[in-house]
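Engineer: Have a look at this one.
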Amino acid sequence: MIRKVWPLTVAAVSLGIDAYVLAGVLPRIADSLTSTVSMIGLGVTTFTAAYAVAGPLLSGRLTRGSTARALLIALGLFNFGNLVTTVAPGIEVFLASRVVAGVGAGILTAVATATAAAMVADHERGRAMSLVTFGLSTGTVAGVPVGMIIGRNAGWRWTMALVVLIGVVSMAALAFRAKTLPRLDAVAGGSAFTVLRSSRTSIGIVAAFLLGVASLGLYTYLLPMAEDRGLGSLGFALVWAWGIGGVTGSALIGKPLDRYGPKTLLVALPALLALSFAAAWLSSSPIVWLISAAVWGAAGWASVPTLQQTLTAQRPARAMPIIAFQMAAMYLGSAVGAALGGALLTAGTGPADLAAWALAPAVLAVALTSWIATRSPARQASEPAQTAARESATWPRS
(Lines give C-alpha, C1' and ligand atoms only; values in the text may rest on other atoms or scores of the structure.)
Protein backbone atom coordinates (compact mmCIF):
# COMPACT_ATOMS: atom_id res chain seq x y z
CA MET A 1 0.00 0.00 0.00
CA ILE A 2 2.79 2.42 0.84
CA ARG A 3 3.89 2.37 -2.81
CA LYS A 4 0.51 3.83 -3.77
CA VAL A 5 0.22 6.41 -1.03
CA TRP A 6 3.80 7.59 -0.40
CA PRO A 7 3.64 10.76 -2.58
CA LEU A 8 0.65 11.89 -0.52
CA THR A 9 2.52 11.06 2.69
CA VAL A 10 5.54 13.13 1.60
CA ALA A 11 3.25 16.05 0.78
CA ALA A 12 1.78 15.78 4.27
CA VAL A 13 5.29 15.88 5.77
CA SER A 14 5.94 19.28 4.20
CA LEU A 15 2.59 20.51 5.50
CA GLY A 16 3.33 19.23 9.01
CA ILE A 17 6.61 21.14 9.05
CA ASP A 18 5.12 24.33 7.69
CA ALA A 19 2.21 24.45 10.14
CA TYR A 20 4.48 24.70 13.19
CA VAL A 21 8.05 25.51 12.18
CA LEU A 22 7.62 29.29 12.28
CA ALA A 23 6.92 29.19 16.02
CA GLY A 24 10.51 28.13 16.63
CA VAL A 25 12.11 30.95 14.64
CA LEU A 26 9.74 33.87 15.29
CA PRO A 27 12.36 36.13 16.93
CA ARG A 28 14.79 35.63 14.03
CA ILE A 29 12.12 36.42 11.45
CA ALA A 30 11.09 39.53 13.41
CA ASP A 31 14.68 40.80 13.47
CA SER A 32 15.17 40.04 9.78
CA LEU A 33 11.99 41.81 8.67
CA THR A 34 12.38 44.67 11.19
CA SER A 35 9.10 43.80 12.85
CA THR A 36 7.82 42.47 16.17
CA VAL A 37 7.33 38.88 17.30
CA SER A 38 3.59 39.52 17.69
CA MET A 39 3.31 40.73 14.10
CA ILE A 40 5.23 37.73 12.81
CA GLY A 41 3.00 35.55 14.98
CA LEU A 42 0.10 36.78 12.87
CA GLY A 43 1.64 34.66 10.12
CA VAL A 44 0.65 31.54 12.05
CA THR A 45 -2.86 32.93 12.53
CA THR A 46 -3.33 33.87 8.87
CA PHE A 47 -2.02 30.47 7.75
CA THR A 48 -4.48 28.69 10.05
CA ALA A 49 -7.40 30.89 9.02
CA ALA A 50 -6.72 30.40 5.30
CA TYR A 51 -6.32 26.65 5.90
CA ALA A 52 -9.67 26.44 7.68
CA VAL A 53 -11.56 28.35 4.98
CA ALA A 54 -9.94 26.91 1.86
CA GLY A 55 -10.29 23.21 2.65
CA PRO A 56 -14.10 23.06 2.93
CA LEU A 57 -14.82 25.70 0.27
CA LEU A 58 -12.35 24.92 -2.52
CA SER A 59 -11.33 21.25 -2.37
CA GLY A 60 -14.55 19.94 -3.97
CA ARG A 61 -14.49 22.47 -6.78
CA LEU A 62 -10.89 21.74 -7.70
CA THR A 63 -11.41 17.99 -7.93
CA ARG A 64 -14.04 18.28 -10.68
CA GLY A 65 -12.53 16.54 -13.65
CA SER A 66 -9.16 15.57 -12.21
CA THR A 67 -7.89 14.62 -8.76
CA ALA A 68 -4.29 14.97 -9.92
CA ARG A 69 -4.94 18.51 -11.09
CA ALA A 70 -6.44 19.43 -7.71
CA LEU A 71 -3.46 18.01 -5.84
CA LEU A 72 -0.94 19.71 -8.11
CA ILE A 73 -2.74 23.07 -7.87
CA ALA A 74 -2.88 22.76 -4.07
CA LEU A 75 0.80 21.84 -3.87
CA GLY A 76 1.64 24.60 -6.35
CA LEU A 77 -0.09 27.20 -4.18
CA PHE A 78 1.51 25.76 -1.05
CA ASN A 79 5.00 25.76 -2.56
CA PHE A 80 4.58 29.20 -4.11
CA GLY A 81 3.41 30.66 -0.81
CA ASN A 82 6.36 29.14 1.03
CA LEU A 83 8.79 30.30 -1.65
CA VAL A 84 7.52 33.88 -1.29
CA THR A 85 7.83 33.53 2.48
CA THR A 86 11.45 32.47 1.98
CA VAL A 87 12.34 35.63 0.06
CA ALA A 88 9.86 38.04 1.71
CA PRO A 89 11.43 41.52 1.99
CA GLY A 90 8.94 42.84 4.54
CA ILE A 91 6.03 42.03 6.84
CA GLU A 92 3.31 42.74 4.25
CA VAL A 93 4.65 40.23 1.73
CA PHE A 94 5.36 37.77 4.54
CA LEU A 95 1.75 37.81 5.79
CA ALA A 96 0.30 37.59 2.28
CA SER A 97 2.50 34.60 1.51
CA ARG A 98 1.24 32.79 4.62
CA VAL A 99 -2.33 33.20 3.36
CA VAL A 100 -1.41 31.64 0.00
CA ALA A 101 0.43 28.75 1.68
CA GLY A 102 -2.52 28.20 4.03
CA VAL A 103 -4.97 28.01 1.13
CA GLY A 104 -2.83 25.38 -0.58
CA ALA A 105 -2.40 23.42 2.66
CA GLY A 106 -6.13 23.38 3.42
CA ILE A 107 -7.00 22.02 -0.01
CA LEU A 108 -4.08 19.59 0.01
CA THR A 109 -4.99 17.93 3.32
CA ALA A 110 -8.60 17.23 2.35
CA VAL A 111 -7.88 16.03 -1.19
CA ALA A 112 -4.82 13.96 -0.21
CA THR A 113 -6.63 12.10 2.59
CA ALA A 114 -9.73 11.41 0.47
CA THR A 115 -7.51 10.29 -2.42
CA ALA A 116 -5.52 7.94 -0.18
CA ALA A 117 -8.78 6.33 1.01
CA ALA A 118 -10.01 5.96 -2.59
CA MET A 119 -6.79 4.31 -3.78
CA VAL A 120 -7.27 1.19 -1.66
CA ALA A 121 -9.92 -1.43 -0.91
CA ASP A 122 -12.46 -0.78 1.85
CA HIS A 123 -10.62 -2.98 4.35
CA GLU A 124 -7.47 -0.82 3.95
CA ARG A 125 -9.04 2.63 4.28
CA GLY A 126 -7.93 3.10 7.89
CA ARG A 127 -4.29 2.40 7.05
CA ALA A 128 -4.39 4.64 3.98
CA MET A 129 -5.77 7.64 5.88
CA SER A 130 -3.43 7.02 8.81
CA LEU A 131 -0.45 7.23 6.42
CA VAL A 132 -1.40 10.82 5.58
CA THR A 133 -1.68 11.59 9.30
CA PHE A 134 1.68 9.84 9.75
CA GLY A 135 3.14 12.36 7.28
CA LEU A 136 1.63 15.28 9.20
CA SER A 137 2.91 14.01 12.55
CA THR A 138 6.35 13.18 11.15
CA GLY A 139 6.65 16.67 9.68
CA THR A 140 5.68 18.22 13.00
CA VAL A 141 7.83 15.94 15.14
CA ALA A 142 11.02 15.49 13.12
CA GLY A 143 10.89 18.37 10.67
CA VAL A 144 10.27 21.17 13.16
CA PRO A 145 13.36 20.49 15.33
CA VAL A 146 15.48 20.07 12.19
CA GLY A 147 14.05 23.29 10.79
CA MET A 148 14.84 25.09 14.04
CA ILE A 149 18.43 23.84 13.94
CA ILE A 150 18.78 25.05 10.36
CA GLY A 151 17.26 28.38 11.34
CA ARG A 152 19.72 28.89 14.17
CA ASN A 153 22.78 27.97 12.13
CA ALA A 154 21.97 29.16 8.61
CA GLY A 155 19.00 31.53 9.02
CA TRP A 156 15.22 31.17 9.01
CA ARG A 157 15.01 31.55 5.22
CA TRP A 158 16.84 28.24 4.83
CA THR A 159 14.31 26.67 7.17
CA MET A 160 11.53 27.68 4.77
CA ALA A 161 13.66 26.52 1.85
CA LEU A 162 13.58 23.03 3.40
CA VAL A 163 9.77 23.10 3.34
CA VAL A 164 9.79 24.20 -0.30
CA LEU A 165 12.24 21.43 -1.23
CA ILE A 166 10.09 18.70 0.31
CA GLY A 167 6.99 20.20 -1.32
CA VAL A 168 8.65 20.21 -4.76
CA VAL A 169 9.71 16.57 -4.34
CA SER A 170 6.16 15.52 -3.50
CA MET A 171 4.81 17.60 -6.39
CA ALA A 172 7.15 15.84 -8.83
CA ALA A 173 6.12 12.44 -7.43
CA LEU A 174 2.43 13.25 -7.79
CA ALA A 175 2.94 14.49 -11.34
CA PHE A 176 4.65 11.18 -12.16
CA ARG A 177 1.77 9.20 -10.59
CA ALA A 178 -1.02 11.43 -11.94
CA LYS A 179 -2.56 8.78 -14.21
CA THR A 180 -2.89 6.29 -11.35
CA LEU A 181 -4.89 8.58 -9.06
CA PRO A 182 -8.64 7.85 -8.73
CA ARG A 183 -11.26 10.40 -9.74
CA LEU A 184 -13.16 12.08 -6.94
CA ASP A 185 -15.88 13.70 -9.05
CA ALA A 186 -18.68 12.26 -6.96
CA VAL A 187 -17.54 14.37 -4.02
CA ALA A 188 -17.88 17.61 -5.92
CA GLY A 189 -21.63 17.47 -6.27
CA GLY A 190 -23.46 19.97 -4.11
CA SER A 191 -22.21 22.33 -1.45
CA ALA A 192 -19.58 21.11 1.00
CA PHE A 193 -21.76 22.47 3.80
CA THR A 194 -24.44 19.84 3.17
CA VAL A 195 -22.36 17.36 5.19
CA LEU A 196 -23.05 19.47 8.27
CA ARG A 197 -26.74 18.52 8.09
CA SER A 198 -25.74 15.22 9.65
CA SER A 199 -25.70 15.63 13.43
CA ARG A 200 -23.14 12.81 13.66
CA THR A 201 -20.76 14.62 11.31
CA SER A 202 -21.26 18.01 12.96
CA ILE A 203 -20.59 16.61 16.43
CA GLY A 204 -17.52 14.81 15.09
CA ILE A 205 -16.18 18.11 13.75
CA VAL A 206 -16.77 19.75 17.14
CA ALA A 207 -14.89 16.84 18.74
CA ALA A 208 -11.99 17.44 16.32
CA PHE A 209 -11.94 21.10 17.39
CA LEU A 210 -11.84 20.16 21.08
CA LEU A 211 -9.07 17.63 20.50
CA GLY A 212 -7.10 20.32 18.68
CA VAL A 213 -7.58 22.73 21.59
CA ALA A 214 -6.51 20.12 24.14
CA SER A 215 -3.69 18.27 22.38
CA LEU A 216 -2.00 20.62 19.91
CA GLY A 217 -2.92 23.77 21.81
CA LEU A 218 -1.36 22.52 25.05
CA TYR A 219 1.74 21.23 23.22
CA THR A 220 2.71 24.88 22.65
CA TYR A 221 3.42 25.14 26.39
CA LEU A 222 5.10 21.78 27.04
CA LEU A 223 8.48 23.31 27.88
CA PRO A 224 7.19 26.00 30.29
CA MET A 225 4.99 23.35 31.93
CA ALA A 226 8.03 21.14 32.53
CA GLU A 227 10.04 24.03 33.95
CA ASP A 228 7.21 24.89 36.33
CA ARG A 229 7.39 21.33 37.68
CA GLY A 230 11.16 21.52 38.12
CA LEU A 231 11.76 19.35 35.06
CA GLY A 232 13.33 21.97 32.82
CA SER A 233 16.37 19.78 32.14
CA LEU A 234 14.00 17.15 30.77
CA GLY A 235 12.51 19.51 28.18
CA PHE A 236 14.26 18.10 25.11
CA ALA A 237 13.43 14.52 26.14
CA LEU A 238 9.77 15.43 26.67
CA VAL A 239 9.51 17.00 23.22
CA TRP A 240 10.92 13.86 21.66
CA ALA A 241 8.74 11.59 23.82
CA TRP A 242 5.67 13.47 22.58
CA GLY A 243 6.96 13.28 19.02
CA ILE A 244 7.89 9.60 19.07
CA GLY A 245 4.50 8.85 20.58
CA GLY A 246 2.77 10.83 17.85
CA VAL A 247 4.63 9.19 14.98
CA THR A 248 4.16 5.72 16.48
CA GLY A 249 0.47 6.26 17.17
CA SER A 250 -0.31 7.52 13.66
CA ALA A 251 1.81 4.76 12.08
CA LEU A 252 0.28 1.87 14.02
CA ILE A 253 -3.38 2.90 14.33
CA GLY A 254 -4.27 1.92 10.75
CA LYS A 255 -4.31 -1.87 11.17
CA PRO A 256 -6.48 -1.89 14.32
CA LEU A 257 -8.88 0.51 12.59
CA ASP A 258 -9.23 -1.79 9.60
CA ARG A 259 -9.42 -4.99 11.65
CA TYR A 260 -11.66 -3.98 14.55
CA GLY A 261 -13.28 -0.76 13.39
CA PRO A 262 -13.07 2.66 15.02
CA LYS A 263 -15.88 2.37 17.57
CA THR A 264 -13.85 1.47 20.67
CA LEU A 265 -10.78 3.50 19.69
CA LEU A 266 -12.95 6.57 19.09
CA VAL A 267 -13.63 6.78 22.83
CA ALA A 268 -10.45 5.19 24.19
CA LEU A 269 -8.01 7.60 22.51
CA PRO A 270 -9.52 10.87 23.86
CA ALA A 271 -9.82 9.15 27.25
CA LEU A 272 -6.10 8.30 27.18
CA LEU A 273 -5.37 11.90 26.20
CA ALA A 274 -7.31 13.14 29.25
CA LEU A 275 -5.51 10.66 31.50
CA SER A 276 -2.11 11.87 30.28
CA PHE A 277 -3.06 15.45 31.13
CA ALA A 278 -4.26 14.41 34.59
CA ALA A 279 -1.02 12.52 35.26
CA ALA A 280 1.12 15.50 34.24
CA TRP A 281 -0.96 17.84 36.39
CA LEU A 282 -0.86 15.65 39.50
CA SER A 283 2.74 14.41 39.35
CA SER A 284 6.26 15.82 39.25
CA SER A 285 7.93 12.49 38.53
CA PRO A 286 10.20 12.51 35.44
CA ILE A 287 9.09 8.97 34.53
CA VAL A 288 5.42 9.90 34.77
CA TRP A 289 5.97 12.99 32.63
CA LEU A 290 7.86 11.07 29.96
CA ILE A 291 5.17 8.40 29.77
CA SER A 292 2.43 11.03 29.79
CA ALA A 293 4.09 12.96 26.96
CA ALA A 294 4.39 9.80 24.85
CA VAL A 295 0.75 8.80 25.49
CA TRP A 296 -0.36 12.39 24.83
CA GLY A 297 1.36 12.43 21.43
CA ALA A 298 0.19 8.94 20.47
CA ALA A 299 -3.45 9.44 21.49
CA GLY A 300 -3.69 12.92 19.99
CA TRP A 301 -2.36 11.99 16.56
CA ALA A 302 -4.00 8.54 16.40
CA SER A 303 -7.40 10.13 17.04
CA VAL A 304 -7.19 11.98 13.70
CA PRO A 305 -7.55 8.98 11.32
CA THR A 306 -9.85 7.28 13.84
CA LEU A 307 -12.32 10.14 13.62
CA GLN A 308 -11.91 10.27 9.83
CA GLN A 309 -12.71 6.59 9.52
CA THR A 310 -15.72 6.96 11.79
CA LEU A 311 -17.25 9.88 9.93
CA THR A 312 -16.54 8.72 6.36
CA ALA A 313 -17.00 4.92 6.48
CA GLN A 314 -20.71 5.14 5.68
CA ARG A 315 -20.33 8.19 3.43
CA PRO A 316 -17.32 7.53 1.20
CA ALA A 317 -18.52 9.83 -1.57
CA ARG A 318 -18.58 12.73 0.91
CA ALA A 319 -15.21 11.91 2.47
CA MET A 320 -13.41 14.96 1.15
CA PRO A 321 -15.67 17.72 2.56
CA ILE A 322 -15.99 15.84 5.85
CA ILE A 323 -12.21 15.55 6.17
CA ALA A 324 -11.80 19.18 5.12
CA PHE A 325 -14.06 20.35 7.93
CA GLN A 326 -12.46 17.97 10.43
CA MET A 327 -8.90 19.10 9.72
CA ALA A 328 -9.91 22.76 9.60
CA ALA A 329 -11.54 22.33 13.01
CA MET A 330 -8.44 20.61 14.40
CA TYR A 331 -6.05 23.35 13.29
CA LEU A 332 -8.43 26.08 14.45
CA GLY A 333 -8.61 24.28 17.77
CA SER A 334 -4.82 24.30 17.94
CA ALA A 335 -4.74 28.07 17.42
CA VAL A 336 -7.54 28.67 19.93
CA GLY A 337 -5.89 26.39 22.48
CA ALA A 338 -2.58 28.22 22.17
CA ALA A 339 -4.35 31.58 22.54
CA LEU A 340 -6.32 30.41 25.59
CA GLY A 341 -3.13 29.08 27.15
CA GLY A 342 -1.46 32.44 26.68
CA ALA A 343 -4.44 34.22 28.19
CA LEU A 344 -4.43 31.90 31.23
CA LEU A 345 -0.71 32.49 31.80
CA THR A 346 -1.26 36.25 31.56
CA ALA A 347 -4.03 35.95 34.14
CA GLY A 348 -1.63 34.28 36.57
CA THR A 349 -2.19 30.56 35.98
CA GLY A 350 0.92 28.46 36.60
CA PRO A 351 2.22 26.81 33.41
CA ALA A 352 1.92 23.29 34.87
CA ASP A 353 -1.73 23.95 35.73
CA LEU A 354 -2.52 24.35 32.04
CA ALA A 355 -2.76 20.55 31.94
CA ALA A 356 -5.73 20.78 34.32
CA TRP A 357 -7.43 23.34 32.08
CA ALA A 358 -6.82 21.09 29.04
CA LEU A 359 -8.78 18.36 30.80
CA ALA A 360 -12.00 20.26 30.14
CA PRO A 361 -11.96 20.09 26.30
CA ALA A 362 -10.48 16.56 26.45
CA VAL A 363 -13.28 15.24 28.69
CA LEU A 364 -15.89 17.00 26.57
CA ALA A 365 -14.38 15.33 23.50
CA VAL A 366 -14.75 11.96 25.25
CA ALA A 367 -18.43 12.71 25.83
CA LEU A 368 -18.98 13.66 22.17
CA THR A 369 -17.08 10.69 20.75
CA SER A 370 -19.01 8.38 23.11
CA TRP A 371 -22.24 9.74 21.66
CA ILE A 372 -20.96 9.17 18.12
CA ALA A 373 -19.83 5.63 18.96
CA THR A 374 -23.31 4.70 20.18
CA ARG A 375 -25.09 6.42 17.29
CA SER A 376 -25.71 4.20 14.30
CA PRO A 377 -25.33 6.04 10.97
CA ALA A 378 -28.32 4.13 9.61
CA ARG A 379 -30.64 5.69 12.21
CA GLN A 380 -29.81 9.32 11.38
CA ALA A 381 -32.92 11.16 10.35
CA SER A 382 -30.82 13.71 8.51
CA GLU A 383 -29.16 11.11 6.33
CA PRO A 384 -31.32 8.11 5.43
CA ALA A 385 -29.72 4.79 4.70
CA GLN A 386 -30.69 4.95 1.05
CA THR A 387 -28.67 8.16 0.63
CA ALA A 388 -25.55 6.53 1.99
CA ALA A 389 -26.12 3.54 -0.26
CA ARG A 390 -26.54 5.79 -3.29
CA GLU A 391 -23.31 7.65 -2.48
CA SER A 392 -21.42 4.38 -2.07
CA ALA A 393 -22.70 3.12 -5.38
CA THR A 394 -21.32 6.17 -7.20
CA TRP A 395 -17.91 6.10 -5.51
CA PRO A 396 -15.19 5.42 -8.07
CA ARG A 397 -12.69 2.65 -7.51
CA SER A 398 -9.19 2.59 -8.83
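The way I read the labels, and the way they are meant: chains A, B, ... in the order of the C-alpha coordinates, residue 1 as the first residue of every chain, and ligand 1 as the first ligand shown, with later ones counted on from there.
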Going by DSSP on the backbone, which residues of range 70-225 of chain A come out as alpha helix (DSSP H)? List them as a ChimeraX atom specification.
Structural biologist: /A:70-87,91-118,125-138,144-154,156-176,199-211,217-219,222-225
Engineer: With a cut-off of 10 Å, could you pull out the residues of range 165-264 of chain A touching range 350-367 of chain A and give me the nearest pair of atoms for each, distance in Å to one decimal, using only C-alpha atoms, ordered by chain and ascending number, as CSV?
Structural biologist:
residue,atom,partner,partner_atom,distance
A:Ile203,CA,A:Ala365,CA,9.5
A:Gly204,CA,A:Ala365,CA,9.0
A:Val206,CA,A:Ala365,CA,8.1
A:Ala207,CA,A:Ala365,CA,5.0
A:Ala208,CA,A:Ala365,CA,7.9
A:Phe209,CA,A:Ala365,CA,8.7
A:Leu210,CA,A:Pro361,CA,5.2
A:Leu211,CA,A:Ala362,CA,6.2
A:Gly212,CA,A:Pro361,CA,9.0
A:Val213,CA,A:Pro361,CA,7.0
A:Ala214,CA,A:Ala358,CA,5.0
A:Ser215,CA,A:Ala358,CA,7.9
A:Gly217,CA,A:Ala358,CA,8.6
A:Leu218,CA,A:Ala358,CA,6.9
A:Tyr219,CA,A:Ala355,CA,9.8
A:Tyr221,CA,A:Pro351,CA,7.3
A:Leu222,CA,A:Ala352,CA,8.6
A:Leu223,CA,A:Pro351,CA,9.1
A:Pro224,CA,A:Pro351,CA,5.9
A:Met225,CA,A:Ala352,CA,4.3
A:Ala226,CA,A:Ala352,CA,6.9
A:Glu227,CA,A:Ala352,CA,8.2
A:Asp228,CA,A:Ala352,CA,5.7
A:Arg229,CA,A:Ala352,CA,6.5
A:Gly230,CA,A:Ala352,CA,9.9
Engineer: For the residues in the current selection, export N, CA and C atoms as a PDB file, in the first residue's frame.
Structural biologist:
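Saved to out21.pdb:
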ATOM      1  N   ILE A 203     -21.133  16.855  15.095  1.00  0.00           N
ATOM      2  CA  ILE A 203     -20.589  16.611  16.432  1.00  0.00           C
ATOM      3  C   ILE A 203     -19.168  16.080  16.331  1.00  0.00           C
ATOM      4  N   GLY A 204     -18.885  15.278  15.305  1.00  0.00           N
ATOM      5  CA  GLY A 204     -17.517  14.807  15.089  1.00  0.00           C
ATOM      6  C   GLY A 204     -16.561  15.950  14.803  1.00  0.00           C
ATOM      7  N   VAL A 206     -16.960  19.063  15.855  1.00  0.00           N
ATOM      8  CA  VAL A 206     -16.769  19.752  17.139  1.00  0.00           C
ATOM      9  C   VAL A 206     -15.765  18.988  18.001  1.00  0.00           C
ATOM     10  N   ALA A 207     -15.843  17.655  17.984  1.00  0.00           N
ATOM     11  CA  ALA A 207     -14.886  16.845  18.736  1.00  0.00           C
ATOM     12  C   ALA A 207     -13.467  17.066  18.224  1.00  0.00           C
ATOM     13  N   ALA A 208     -13.318  17.171  16.893  1.00  0.00           N
ATOM     14  CA  ALA A 208     -11.988  17.439  16.318  1.00  0.00           C
ATOM     15  C   ALA A 208     -11.458  18.782  16.799  1.00  0.00           C
ATOM     16  N   PHE A 209     -12.331  19.777  16.880  1.00  0.00           N
ATOM     17  CA  PHE A 209     -11.935  21.096  17.387  1.00  0.00           C
ATOM     18  C   PHE A 209     -11.454  20.997  18.831  1.00  0.00           C
ATOM     19  N   LEU A 210     -12.205  20.295  19.668  1.00  0.00           N
ATOM     20  CA  LEU A 210     -11.845  20.162  21.077  1.00  0.00           C
ATOM     21  C   LEU A 210     -10.536  19.405  21.252  1.00  0.00           C
ATOM     22  N   LEU A 211     -10.325  18.369  20.436  1.00  0.00           N
ATOM     23  CA  LEU A 211      -9.072  17.628  20.504  1.00  0.00           C
ATOM     24  C   LEU A 211      -7.896  18.497  20.063  1.00  0.00           C
ATOM     25  N   GLY A 212      -8.137  19.375  19.088  1.00  0.00           N
ATOM     26  CA  GLY A 212      -7.104  20.321  18.681  1.00  0.00           C
ATOM     27  C   GLY A 212      -6.767  21.303  19.791  1.00  0.00           C
ATOM     28  N   VAL A 213      -7.799  21.817  20.464  1.00  0.00           N
ATOM     29  CA  VAL A 213      -7.584  22.729  21.591  1.00  0.00           C
ATOM     30  C   VAL A 213      -6.754  22.049  22.665  1.00  0.00           C
ATOM     31  N   ALA A 214      -7.150  20.820  23.023  1.00  0.00           N
ATOM     32  CA  ALA A 214      -6.508  20.124  24.137  1.00  0.00           C
ATOM     33  C   ALA A 214      -5.099  19.648  23.791  1.00  0.00           C
ATOM     34  N   SER A 215      -4.956  18.924  22.677  1.00  0.00           N
ATOM     35  CA  SER A 215      -3.685  18.266  22.377  1.00  0.00           C
ATOM     36  C   SER A 215      -2.660  19.208  21.765  1.00  0.00           C
ATOM     37  N   GLY A 217      -2.975  22.483  21.119  1.00  0.00           N
ATOM     38  CA  GLY A 217      -2.916  23.766  21.813  1.00  0.00           C
ATOM     39  C   GLY A 217      -2.028  23.706  23.042  1.00  0.00           C
ATOM     40  N   LEU A 218      -2.166  22.642  23.838  1.00  0.00           N
ATOM     41  CA  LEU A 218      -1.359  22.515  25.051  1.00  0.00           C
ATOM     42  C   LEU A 218       0.106  22.237  24.725  1.00  0.00           C
ATOM     43  N   TYR A 219       0.363  21.559  23.603  1.00  0.00           N
ATOM     44  CA  TYR A 219       1.741  21.229  23.224  1.00  0.00           C
ATOM     45  C   TYR A 219       2.606  22.489  23.110  1.00  0.00           C
ATOM     46  N   TYR A 221       2.890  24.753  25.084  1.00  0.00           N
ATOM     47  CA  TYR A 221       3.418  25.144  26.392  1.00  0.00           C
ATOM     48  C   TYR A 221       4.087  23.978  27.116  1.00  0.00           C
ATOM     49  N   LEU A 222       4.486  22.939  26.388  1.00  0.00           N
ATOM     50  CA  LEU A 222       5.096  21.780  27.035  1.00  0.00           C
ATOM     51  C   LEU A 222       6.357  22.154  27.808  1.00  0.00           C
ATOM     52  N   LEU A 223       7.225  22.956  27.216  1.00  0.00           N
ATOM     53  CA  LEU A 223       8.481  23.314  27.884  1.00  0.00           C
ATOM     54  C   LEU A 223       8.260  24.175  29.131  1.00  0.00           C
ATOM     55  N   PRO A 224       7.450  25.252  29.058  1.00  0.00           N
ATOM     56  CA  PRO A 224       7.193  25.999  30.292  1.00  0.00           C
ATOM     57  C   PRO A 224       6.503  25.172  31.373  1.00  0.00           C
ATOM     58  N   MET A 225       5.647  24.230  30.952  1.00  0.00           N
ATOM     59  CA  MET A 225       4.991  23.353  31.926  1.00  0.00           C
ATOM     60  C   MET A 225       6.031  22.516  32.663  1.00  0.00           C
ATOM     61  N   ALA A 226       6.989  21.965  31.912  1.00  0.00           N
ATOM     62  CA  ALA A 226       8.029  21.143  32.533  1.00  0.00           C
ATOM     63  C   ALA A 226       8.889  21.969  33.483  1.00  0.00           C
ATOM     64  N   GLU A 227       9.237  23.168  33.081  1.00  0.00           N
ATOM     65  CA  GLU A 227      10.041  24.033  33.945  1.00  0.00           C
ATOM     66  C   GLU A 227       9.309  24.356  35.245  1.00  0.00           C
ATOM     67  N   ASP A 228       8.014  24.569  35.156  1.00  0.00           N
ATOM     68  CA  ASP A 228       7.214  24.888  36.334  1.00  0.00           C
ATOM     69  C   ASP A 228       7.172  23.723  37.320  1.00  0.00           C
ATOM     70  N   ARG A 229       7.359  22.513  36.823  1.00  0.00           N
ATOM     71  CA  ARG A 229       7.386  21.325  37.680  1.00  0.00           C
ATOM     72  C   ARG A 229       8.819  20.957  38.107  1.00  0.00           C
ATOM     73  N   GLY A 230       9.782  21.811  37.772  1.00  0.00           N
ATOM     74  CA  GLY A 230      11.156  21.520  38.118  1.00  0.00           C
ATOM     75  C   GLY A 230      11.797  20.493  37.208  1.00  0.00           C
TER      76      GLY A 230
END
Engineer: Just checking: using only C-alpha atoms, which residue out of A:Met320, A:Val141, A:Val25, A:Leu62 ends up closest to Asn153 in chain A?
Structural biologist: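 Among the listed residues, the smallest separation from Asn153 in chain A belongs to A:Val25.
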Engineer: Give me, please, the distance in Å between CA of Val132 in chain A and CA of Ala68 in chain A, quoted to one decimal.
Structural biologist: 16.3 Å
Engineer: Find the residues near range 168-180 of chain A: any atom within 8 Å, counting only C-alpha atoms, skip ones fewer than 6 places away on the same chain, and give them as a ChimeraX atom specification.
Structural biologist: /A:7-8,10-11,68,71-72,75-76,79,398
Engineer: Rank A:Ala161, A:Ala112, A:Leu95, A:Ala117 by their smallest atom-to-atom distance to Val21 in chain A, using only C-alpha atoms, and report the top residue only.
Structural biologist: A:Ala161
Engineer: Within 9 Å of range 136-139 of chain A, counting only C-alpha atoms, which residues show up once you throw out same-chain ones fewer than 4 positions away? Write them as JSON, numbers by chain, please.
Structural biologist: {"A": [9, 10, 11, 12, 13, 14, 15, 16, 17, 18, 19, 131, 132, 143, 144, 243, 244, 246, 247, 250, 301]}
Engineer: Do you know which residues are at most 8 Å from range 287-300 of chain A counting only C-alpha atoms, after dropping those on the same chain fewer than 4 positions away, and could you put them as a ChimeraX atom specification?
Structural biologist: /A:211,215-216,237-239,241-250,269-270,272-273,276-277,279-280,283,304
Engineer: Hey, which of A:Thr369, A:Thr220, A:Thr133, A:Ser285 ends up closest to Gly254 in chain A? Count only C-alpha atoms.
Structural biologist: A:Thr133
